[in-house]
Amino acid sequence: MLLCEYQRQSLFAEVDPAFRQDVLKGLSVSPRAIPARWLYDGRGSELFEAITALPEYYPTRTERSILSHAASEIAASIGPRRAIVEFGSGSATKTRILLSEANAAAYVPIDISGEFLRESVVALSRAFPDLPIFPVEGDFTGTLALPEAIGGMPKLGFFPGSTVGNLLVPDAVDLLRAMAATLGAGSMLLIGIDRIKDADILLPAYDDAQGVTAAFNLNLLHRINRELVGSVPVDAFNHLVRWDDVEARIEMHLEAARDVHFSVDGRLFSMTKGETIHTENSLKYGTREARLLLRAGGRSPIAEWTDQNEFFSLILARVGTAPPALWERNDGGAKAPAVRLSR
Ligand code: SAH
Ligand code: AVI
């Protein structure tokens, strides 16, 4: 049998045992749910990139615009020669804006999507030939060691895209605390957080007219079939998006359009029509909630930038939860960080 390169890679690539475990467990529990990090294989990362260019998907272009306006202020606040450690770097498109201003000593992109990570590092090292880059492939919610080469450098954690919103609050707090421990004393964090807004803006952002987000969601089933010898009838599933106003989150599900029976890794599963697999949460935060989240995660916000519509926040925080210094207060008393609007 002749195999194309893509089939060859899929056949001989090692299956991550954590993927197998999460899928088998996620399909067995009620309600069924698979962690969102598994949406990102090579194809999933490509589809996410396509999502970022959709007219309905406001977060990427909004954060990029905020970052472009704020980059020189951020560079002044963090000072020179930090190692920038990015959590969930993807194509690292926004990182280029930061790197152009920040005079970084090194860059460490961390991502679970290995092939995509390697490609983005090649492109980035062409754009920044003098910057030492140390990619780390892995799950940032697990224990990750940073490269020894950056051990002695002061660090800036960069966590853009509102990827923190893909974690439930207790998990987000745990991750922020783990990041603070990994990045060490004196480290800073620059984090993007998507704000609560009207459902008629949120829903289309996750259910676009061209069906790219649907393809991103359904790719999880293709991935299961490819990597875990699955027989999931992908055409029997619909992309389903909900806004939960109480939990302030978008939910993505895969809904069975009819009764289905399939196997994964030799195990049999049945779903009735209308039953769903929950594949992603995307939590949105109010301004105060975002600051409280950071404080719970062991960080003190010191500056915040937003856009004209106040759709998205980029927050700079330092390690520790001590109250902000007087110069950081913008109203002579309230312990809020200075907020600047980017236009
Ligand atoms: N930072 C980019 C990409 C955001 S998409 C941006 O702002 O546009 C989320 C990225 O995080 C993807 O590249 C995905 O592969 C990665 N990712 C998601 N969960 C992860 C995890 N648990 N560990 C490591 N990387 C993860
Ligand atoms: C990466 N993450 C912040 C995206 C989000 O908006 O929650 C993932 C995504 N899911 C569907 N569209 C985009």
# chains A, B, ... in the order shown; residues from 1 in each chain; ligands from 1
$ closest_atom_pairs --of "chain A" --to "ligand 1" --cutoff "9 Å" --atoms "only C-alpha atoms and all ligand atoms" --output "CSV"
residue,atom,partner,partner_atom_place_in_ligand_line,distance
A:Pro35,CA,ligand 1,22 (N),8.8
A:Ala36,CA,ligand 1,19 (N),6.8
A:Arg37,CA,ligand 1,19 (N),4.0
A:Trp38,CA,ligand 1,19 (N),7.5
A:Leu39,CA,ligand 1,15 (O),7.7
A:Tyr40,CA,ligand 1,15 (O),4.8
A:Asp41,CA,ligand 1,15 (O),7.3
A:Gly42,CA,ligand 1,15 (O),8.7
A:Gly44,CA,ligand 1,15 (O),8.1
A:Ser45,CA,ligand 1,13 (O),6.1
A:Phe48,CA,ligand 1,5 (S),6.7
A:Glu49,CA,ligand 1,8 (O),7.5
A:Thr52,CA,ligand 1,8 (O),7.0
A:Pro59,CA,ligand 1,7 (O),8.6
A:Thr60,CA,ligand 1,8 (O),6.1
A:Glu63,CA,ligand 1,7 (O),8.2
A:Arg64,CA,ligand 1,7 (O),8.7
A:Glu86,CA,ligand 1,1 (N),7.6
A:Phe87,CA,ligand 1,25 (N),6.4
A:Gly88,CA,ligand 1,11 (O),3.2
A:Ser89,CA,ligand 1,1 (N),4.2
A:Gly90,CA,ligand 1,13 (O),3.3
A:Ser91,CA,ligand 1,2 (C),6.3
A:Ala92,CA,ligand 1,2 (C),5.9
A:Thr93,CA,ligand 1,8 (O),7.1
A:Lys94,CA,ligand 1,7 (O),6.8
A:Thr95,CA,ligand 1,1 (N),8.1
A:Ile110,CA,ligand 1,24 (C),6.0
A:Asp111,CA,ligand 1,25 (N),3.7
A:Ile112,CA,ligand 1,25 (N),4.0
A:Ser113,CA,ligand 1,15 (O),4.6
A:Gly114,CA,ligand 1,15 (O),8.2
A:Phe116,CA,ligand 1,13 (O),7.8
A:Leu117,CA,ligand 1,13 (O),7.7
A:Glu137,CA,ligand 1,24 (C),7.4
A:Gly138,CA,ligand 1,24 (C),5.5
A:Asp139,CA,ligand 1,23 (N),3.3
A:Phe140,CA,ligand 1,23 (N),3.9
A:Thr141,CA,ligand 1,22 (N),5.1
A:Gly142,CA,ligand 1,22 (N),7.6
A:Phe158,CA,ligand 1,1 (N),8.5
A:Phe159,CA,ligand 1,1 (N),6.7
A:Pro160,CA,ligand 1,7 (O),4.5
A:Gly161,CA,ligand 1,7 (O),3.3
A:Ser162,CA,ligand 1,7 (O),7.0
A:Thr163,CA,ligand 1,9 (C),5.6
A:Asn166,CA,ligand 1,19 (N),8.0
A:Gly192,CA,ligand 1,7 (O),8.0
$ write_last_selection --atoms "N, CA and C atoms" --output "short mmCIF file (atom, residue, chain, number, x, y, z; two decimals), in the first residue's frame"
data_model
loop_
_atom_site.label_atom_id
_atom_site.label_comp_id
_atom_site.auth_asym_id
_atom_site.auth_seq_id
_atom_site.Cartn_x
_atom_site.Cartn_y
_atom_site.Cartn_z
N PRO A 35 -10.70 17.08 27.62
CA PRO A 35 -10.01 18.36 27.82
C PRO A 35 -9.65 19.06 26.49
N ALA A 36 -9.81 20.39 26.50
CA ALA A 36 -9.65 21.17 25.26
C ALA A 36 -8.24 21.11 24.68
N ARG A 37 -7.24 20.78 25.50
CA ARG A 37 -5.87 20.78 24.95
C ARG A 37 -5.70 19.78 23.82
N TRP A 38 -6.58 18.76 23.73
CA TRP A 38 -6.43 17.74 22.69
C TRP A 38 -7.01 18.21 21.35
N LEU A 39 -7.58 19.42 21.33
CA LEU A 39 -8.03 19.97 20.04
C LEU A 39 -6.84 20.30 19.14
N TYR A 40 -5.63 20.39 19.75
CA TYR A 40 -4.47 20.89 19.02
C TYR A 40 -3.50 19.79 18.60
N ASP A 41 -3.87 19.05 17.53
CA ASP A 41 -2.83 18.31 16.82
C ASP A 41 -2.40 19.23 15.67
N GLY A 42 -1.62 18.74 14.72
CA GLY A 42 -1.15 19.61 13.63
C GLY A 42 -2.32 20.27 12.91
N GLY A 44 -5.42 20.65 14.01
CA GLY A 44 -6.14 21.53 14.93
C GLY A 44 -5.45 22.89 15.03
N SER A 45 -4.12 22.89 15.08
CA SER A 45 -3.38 24.15 15.16
C SER A 45 -3.58 24.97 13.88
N PHE A 48 -6.99 26.43 14.11
CA PHE A 48 -7.04 27.56 15.05
C PHE A 48 -6.47 28.81 14.38
N GLU A 49 -5.39 28.66 13.63
CA GLU A 49 -4.81 29.80 12.91
C GLU A 49 -5.85 30.41 11.99
N THR A 52 -8.30 32.55 13.82
CA THR A 52 -7.82 33.88 14.26
C THR A 52 -8.02 34.95 13.18
N PRO A 59 -11.07 38.17 19.29
CA PRO A 59 -9.99 38.24 20.28
C PRO A 59 -8.59 38.46 19.70
N THR A 60 -8.25 37.75 18.63
CA THR A 60 -6.87 37.84 18.15
C THR A 60 -6.55 39.24 17.63
N GLU A 63 -6.46 41.79 20.59
CA GLU A 63 -5.26 41.70 21.44
C GLU A 63 -4.02 42.17 20.67
N ARG A 64 -3.96 41.84 19.38
CA ARG A 64 -2.80 42.26 18.58
C ARG A 64 -2.74 43.79 18.55
N GLU A 86 6.70 31.78 26.82
CA GLU A 86 5.30 31.88 26.36
C GLU A 86 4.58 30.56 26.54
N PHE A 87 3.41 30.63 27.15
CA PHE A 87 2.61 29.43 27.44
C PHE A 87 1.53 29.29 26.36
N GLY A 88 1.63 28.24 25.55
CA GLY A 88 0.68 28.05 24.44
C GLY A 88 0.99 29.01 23.32
N SER A 89 2.21 28.89 22.75
CA SER A 89 2.72 29.91 21.83
C SER A 89 2.06 29.85 20.45
N GLY A 90 1.58 28.69 20.02
CA GLY A 90 0.95 28.60 18.70
C GLY A 90 1.87 29.11 17.61
N SER A 91 1.35 30.00 16.75
CA SER A 91 2.17 30.52 15.65
C SER A 91 3.07 31.66 16.11
N ALA A 92 2.94 32.09 17.36
CA ALA A 92 3.76 33.16 17.96
C ALA A 92 3.72 34.45 17.14
N THR A 93 2.60 34.70 16.52
CA THR A 93 2.48 35.92 15.69
C THR A 93 2.54 37.17 16.56
N LYS A 94 1.78 37.15 17.67
CA LYS A 94 1.78 38.33 18.54
C LYS A 94 3.12 38.53 19.23
N THR A 95 3.80 37.40 19.45
CA THR A 95 5.09 37.46 20.14
C THR A 95 6.07 38.36 19.39
N ILE A 110 6.37 27.46 24.71
CA ILE A 110 5.90 26.15 25.22
C ILE A 110 4.60 25.83 24.50
N ASP A 111 4.50 24.65 23.92
CA ASP A 111 3.24 24.27 23.28
C ASP A 111 3.12 22.75 23.22
N ILE A 112 1.88 22.31 23.27
CA ILE A 112 1.59 20.87 23.24
C ILE A 112 1.58 20.34 21.81
N SER A 113 1.44 21.25 20.84
CA SER A 113 1.32 20.87 19.43
C SER A 113 2.72 20.91 18.80
N GLY A 114 3.44 19.76 18.88
CA GLY A 114 4.88 19.72 18.61
C GLY A 114 5.29 20.14 17.22
N PHE A 116 3.70 21.93 15.00
CA PHE A 116 3.38 23.34 14.78
C PHE A 116 4.39 24.22 15.52
N LEU A 117 4.78 23.79 16.71
CA LEU A 117 5.77 24.52 17.51
C LEU A 117 7.09 24.61 16.73
N GLU A 137 8.27 21.34 24.08
CA GLU A 137 7.02 20.69 23.70
C GLU A 137 6.44 20.00 24.92
N GLY A 138 5.22 20.33 25.27
CA GLY A 138 4.62 19.67 26.43
C GLY A 138 3.37 20.37 26.91
N ASP A 139 2.79 19.80 27.95
CA ASP A 139 1.54 20.29 28.53
C ASP A 139 1.88 21.26 29.67
N PHE A 140 1.51 22.52 29.51
CA PHE A 140 1.89 23.48 30.55
C PHE A 140 1.10 23.30 31.84
N THR A 141 0.06 22.47 31.83
CA THR A 141 -0.66 22.22 33.08
C THR A 141 0.04 21.12 33.89
N GLY A 142 1.02 20.45 33.28
CA GLY A 142 1.79 19.45 34.00
C GLY A 142 3.07 20.07 34.54
N PHE A 158 4.58 35.02 29.31
CA PHE A 158 3.66 35.63 28.32
C PHE A 158 2.57 34.60 28.07
N PHE A 159 1.33 34.97 28.36
CA PHE A 159 0.21 34.03 28.26
C PHE A 159 -0.94 34.74 27.53
N PRO A 160 -0.77 34.92 26.19
CA PRO A 160 -1.75 35.71 25.46
C PRO A 160 -2.93 34.86 24.99
N GLY A 161 -3.81 35.48 24.22
CA GLY A 161 -4.88 34.74 23.54
C GLY A 161 -6.08 34.44 24.41
N SER A 162 -5.99 34.76 25.70
CA SER A 162 -7.02 34.35 26.66
C SER A 162 -7.08 32.83 26.78
N THR A 163 -5.93 32.18 26.57
CA THR A 163 -5.89 30.72 26.74
C THR A 163 -6.21 30.35 28.19
N ASN A 166 -9.56 28.91 28.86
CA ASN A 166 -9.91 27.51 28.56
C ASN A 166 -9.80 26.61 29.79
N GLY A 192 -3.25 37.85 28.52
CA GLY A 192 -4.43 38.34 27.79
C GLY A 192 -5.68 37.69 28.33
#
$ residues_around --residues "stretch 173-180 of chain A" --least-positions-apart "6" --cutoff "10 Å" --atoms "only C-alpha atoms" --output "list in words"
Val85, Phe87, Phe140, Thr141, Gly142, Thr143, Leu144, Gly157, Phe159, Val164, Leu167, Gly186, Ser187, Met188, Leu189, Leu293, Leu294, Arg295, Ala296, Gly297, Gly298, Arg299, Arg318, Val319 and Gly320 of chain A
$ select_by_dssp --residues "stretch 178-331 of chain A" --states "helix (DSSP H, G or I)" --output "PyMOL selection string"
chain A and resi 178-183+199-205+212-227+234-236+287-296+326-328
$ closest_residue --among "A:Ala75, A:Val29, A:Ala214, A:Ala18" --to "ligand 2" --atoms "only C-alpha atoms and all ligand atoms"
A:Ala214
$ residues_around --residues "A:Met271" --least-positions-apart "6" --cutoff "8 Å" --atoms "only C-alpha atoms" --output "list in words"
Ala256, Asp259, Val260 and His261 of chain A
